[in-house]
Amino acid sequence: MWAQQPDDAIARAAESLAQAERVVALTGAGISTESGIPDFRSAGGLWAIFDPAEYATLSCFLREPEKAWRLYRALAAALLGRRPNAGHVALVRLEEAGRLRGIVTQNIDGLHQTAGSGNVLELHGEARHLQCLACGRLTPALVAHLAPGPAPHCEDCGAFLKPNVVLFEEAVRDLDLAAALVRDCDLLLVIGTSAQIVPASTLPARVRAGGGSILEFNLEPTELTASGLGRSGAFVAGRIGTTLPLVVERALAR
C-alpha cells in the first residue's frame, strides 16, 4: 500500500482513478455526516438512545408498531432537510464523465439520488417511502408522519406502515445486483465506511479476489485498511467532502 502522507495519498489515488476502467463506489454513514446526519452507531447516536435489538427488529414492528414508530420518527427527524455535500456531488461528476458504473450504499438517506446519481443500489432500503408489508403499497413519507400519535396505516388495506428500510431480521436488498456490479470491478471506492458489516464487507473481498484494488476514504484507518487495498490501492485520510472532490477533480483532469 502506498505511503499515507495526505498529499501523496491524494496524488496516488487520483492516478489510480484516472487509469481505472471499471469503477464502483461503496458508501456508508461517513459520506453523509458532513450533511449533518449523525452516524447512528457513534457515541450519542440513535442506537445509544434506542437499542436496535429492541426497537429496530421486524419482530418489534409486528408485535408493537407504536413502539417501533418511536424509533422511526427519531430517525426521520435526523434526516429531515438534509442536503447532499461535496462528496455526493463528486460521485455525480464521476458518473457523468462515464467513469463510475454505480454506487452501492448502506445509507437510507437518499442523498446520492438527490445529488443526481443515477445508478444507486440501496442495500438497507430507503426512508423516502413507507412500506405496507401486507399488500406491498409504497406511500411517500411525509412530515406529518413525524407527529406523535398512532402508527400510520395503509390506505389500501389498513395494515400498519413501516419505513421502507431494512430492519434487523429482514434480508438486505439488491445484494445480487451489487455482486454483479463489482464482479469485474478494477477499482472500488470505499467511502465513509469500514466495510466490516455483512453483506457490505463481502464486496471489497470480491474486488481484491478478482485482482482489483481499493481506494479508501475515511477519517482514520480501519480494519479494511489493514487487510490490504490491492496493488493500486490507497488510503486517503480526511474529510470526505474535501478529499473525494479533490481526487475526482485531479483524475478527470488527466
# chains A, B, ... in the order shown; residues from 1 in each chain; ligands from 1
$ residues_around --residues "Ala97 (chain A)" --least-positions-apart "3" --cutoff "12 Å" --atoms "only C-alpha atoms" --output "PyMOL selection string"
chain A and resi 18+23+90-94+100-101+117+248-249+251-253
$ residues_around --residues "region 172-189 of chain A" --least-positions-apart "2" --cutoff "7 Å" --atoms "only C-alpha atoms" --output "PyMOL selection string"
chain A and resi 20-26+104+121-125+166+170+191+203+207+210-216
$ write_last_selection --atoms "N, CA and C atoms" --output "CSV table (one decimal), in the first residue's frame"
chain,number,residue,atom,x,y,z
A,20,ALA,N,-8.2,3.6,-14.0
A,20,ALA,CA,-9.1,2.5,-13.8
A,20,ALA,C,-10.2,2.6,-14.9
A,21,GLU,N,-10.7,1.4,-15.3
A,21,GLU,CA,-11.7,1.3,-16.4
A,21,GLU,C,-13.0,0.9,-15.8
A,22,ARG,N,-13.1,0.2,-14.7
A,22,ARG,CA,-14.4,-0.3,-14.2
A,22,ARG,C,-14.5,0.1,-12.7
A,23,VAL,N,-15.0,1.3,-12.4
A,23,VAL,CA,-15.0,1.8,-11.1
A,23,VAL,C,-16.4,1.7,-10.5
A,24,VAL,N,-16.5,1.3,-9.2
A,24,VAL,CA,-17.7,1.2,-8.4
A,24,VAL,C,-17.4,1.9,-7.1
A,25,ALA,N,-18.5,2.5,-6.5
A,25,ALA,CA,-18.3,3.1,-5.2
A,25,ALA,C,-19.2,2.4,-4.2
A,26,LEU,N,-18.6,2.2,-3.0
A,26,LEU,CA,-19.3,1.6,-1.8
A,26,LEU,C,-19.3,2.7,-0.7
A,104,VAL,N,-23.0,1.5,-4.6
A,104,VAL,CA,-23.7,0.6,-3.6
A,104,VAL,C,-23.6,1.3,-2.3
A,121,LEU,N,-27.6,1.4,-5.7
A,121,LEU,CA,-28.2,0.3,-5.1
A,121,LEU,C,-28.2,0.5,-3.5
A,122,GLU,N,-29.4,0.4,-2.9
A,122,GLU,CA,-29.6,0.7,-1.5
A,122,GLU,C,-29.7,-0.6,-0.7
A,123,LEU,N,-28.7,-1.1,-0.2
A,123,LEU,CA,-28.7,-2.4,0.5
A,123,LEU,C,-29.6,-2.4,1.7
A,124,HIS,N,-29.8,-1.3,2.3
A,124,HIS,CA,-30.6,-1.2,3.6
A,124,HIS,C,-31.9,-0.5,3.3
A,125,GLY,N,-32.3,-0.4,2.1
A,125,GLY,CA,-33.6,0.3,1.8
A,125,GLY,C,-33.5,1.8,1.8
A,166,VAL,N,-34.6,-1.6,5.7
A,166,VAL,CA,-34.4,-3.0,6.1
A,166,VAL,C,-34.2,-3.0,7.6
A,170,GLU,N,-34.7,-8.8,8.6
A,170,GLU,CA,-35.1,-8.7,7.2
A,170,GLU,C,-33.9,-8.9,6.4
A,191,ILE,N,-16.0,4.5,0.7
A,191,ILE,CA,-16.2,5.9,1.2
A,191,ILE,C,-17.0,6.0,2.4
A,203,LEU,N,-18.0,-7.2,-0.4
A,203,LEU,CA,-17.7,-6.6,-1.7
A,203,LEU,C,-16.2,-6.2,-1.9
A,207,VAL,N,-13.7,-7.8,-4.9
A,207,VAL,CA,-12.8,-7.0,-5.8
A,207,VAL,C,-11.4,-7.4,-5.7
A,210,GLY,N,-10.7,-10.6,-7.4
A,210,GLY,CA,-10.7,-10.5,-8.9
A,210,GLY,C,-9.5,-9.7,-9.4
A,211,GLY,N,-8.6,-9.4,-8.5
A,211,GLY,CA,-7.4,-8.6,-9.0
A,211,GLY,C,-7.6,-7.1,-8.9
A,212,GLY,N,-8.7,-6.6,-8.4
A,212,GLY,CA,-8.9,-5.2,-8.4
A,212,GLY,C,-8.3,-4.6,-7.1
A,213,SER,N,-8.4,-3.2,-7.0
A,213,SER,CA,-7.8,-2.5,-5.9
A,213,SER,C,-8.9,-1.6,-5.3
A,214,ILE,N,-8.5,-1.1,-4.1
A,214,ILE,CA,-9.5,-0.3,-3.3
A,214,ILE,C,-8.9,1.1,-3.0
A,215,LEU,N,-9.7,2.1,-3.3
A,215,LEU,CA,-9.3,3.5,-2.7
A,215,LEU,C,-10.3,3.7,-1.5
A,216,GLU,N,-9.7,3.8,-0.4
A,216,GLU,CA,-10.5,4.0,0.8
A,216,GLU,C,-10.4,5.5,1.3
$ residues_around --residues "region 129-146 of chain A" --least-positions-apart "5" --cutoff "8 Å" --atoms "only C-alpha atoms" --output "PyMOL selection string"
chain A and resi 73+76-77+152+154+156-157+159-164
$ write_last_selection --atoms "C-alpha atoms" --output "PDB file, in the first residue's frame"
ATOM      1  CA  ARG A  73     -39.842   9.192  13.988  1.00  0.00           C
ATOM      2  CA  ALA A  76     -36.844  10.573  10.110  1.00  0.00           C
ATOM      3  CA  ALA A  77     -36.257  13.741  12.127  1.00  0.00           C
ATOM      4  CA  PRO A 152     -49.804   5.292  10.197  1.00  0.00           C
ATOM      5  CA  CYS A 154     -52.061   1.731   4.695  1.00  0.00           C
ATOM      6  CA  ASP A 156     -55.439   0.318   0.687  1.00  0.00           C
ATOM      7  CA  CYS A 157     -55.639  -2.433   3.273  1.00  0.00           C
ATOM      8  CA  ALA A 159     -52.316  -2.529   7.876  1.00  0.00           C
ATOM      9  CA  PHE A 160     -49.638  -0.637   9.765  1.00  0.00           C
ATOM     10  CA  LEU A 161     -46.947   1.043   7.642  1.00  0.00           C
ATOM     11  CA  LYS A 162     -43.213   0.924   8.291  1.00  0.00           C
ATOM     12  CA  PRO A 163     -40.429   2.965   6.686  1.00  0.00           C
ATOM     13  CA  ASN A 164     -39.126   1.298   3.536  1.00  0.00           C
TER      14      ASN A 164
END
$ select_by_dssp --residues "region 181-242 of chain A" --states "strand (DSSP E or B)" --output "number ranges by chain"
A: 187-191, 213-218, 234-237
$ atom_distance --atom1 "CA of Gly149 (chain A)" --atom2 "CA of Glu169 (chain A)"
25.7 Å
$ atom_distance --atom1 "CA of Leu62 (chain A)" --atom2 "CA of Thr105 (chain A)"
26.5 Å
$ atom_distance --atom1 "CA of Ala29 (chain A)" --atom2 "CA of Leu244 (chain A)"
14.8 Å
$ residues_around --residues "Ala115 (chain A)" --least-positions-apart "4" --cutoff "9 Å" --atoms "only C-alpha atoms" --output "number ranges by chain"
A: 83-85, 88-89, 91-92, 110-111
$ select_by_dssp --residues "region 175-241 of chain A" --states "helix (DSSP H, G or I)" --output "PyMOL selection string"
chain A and resi 175-181+202-209+223-227+240-241
$ closest_residue --among "A:Thr27, A:Ser59, A:Ser227, A:Gln19" --to "Gly192 (chain A)" --atoms "only C-alpha atoms"
A:Thr27
$ closest_residue --among "A:Asn119, A:Asp39, A:Asp51, A:Leu224" --to "Ala200 (chain A)" --atoms "only C-alpha atoms"
A:Leu224
$ closest_residue --among "A:Gly118, A:Leu75, A:Asn218, A:Gly36" --to "Ile49 (chain A)" --atoms "only C-alpha atoms"
A:Leu75
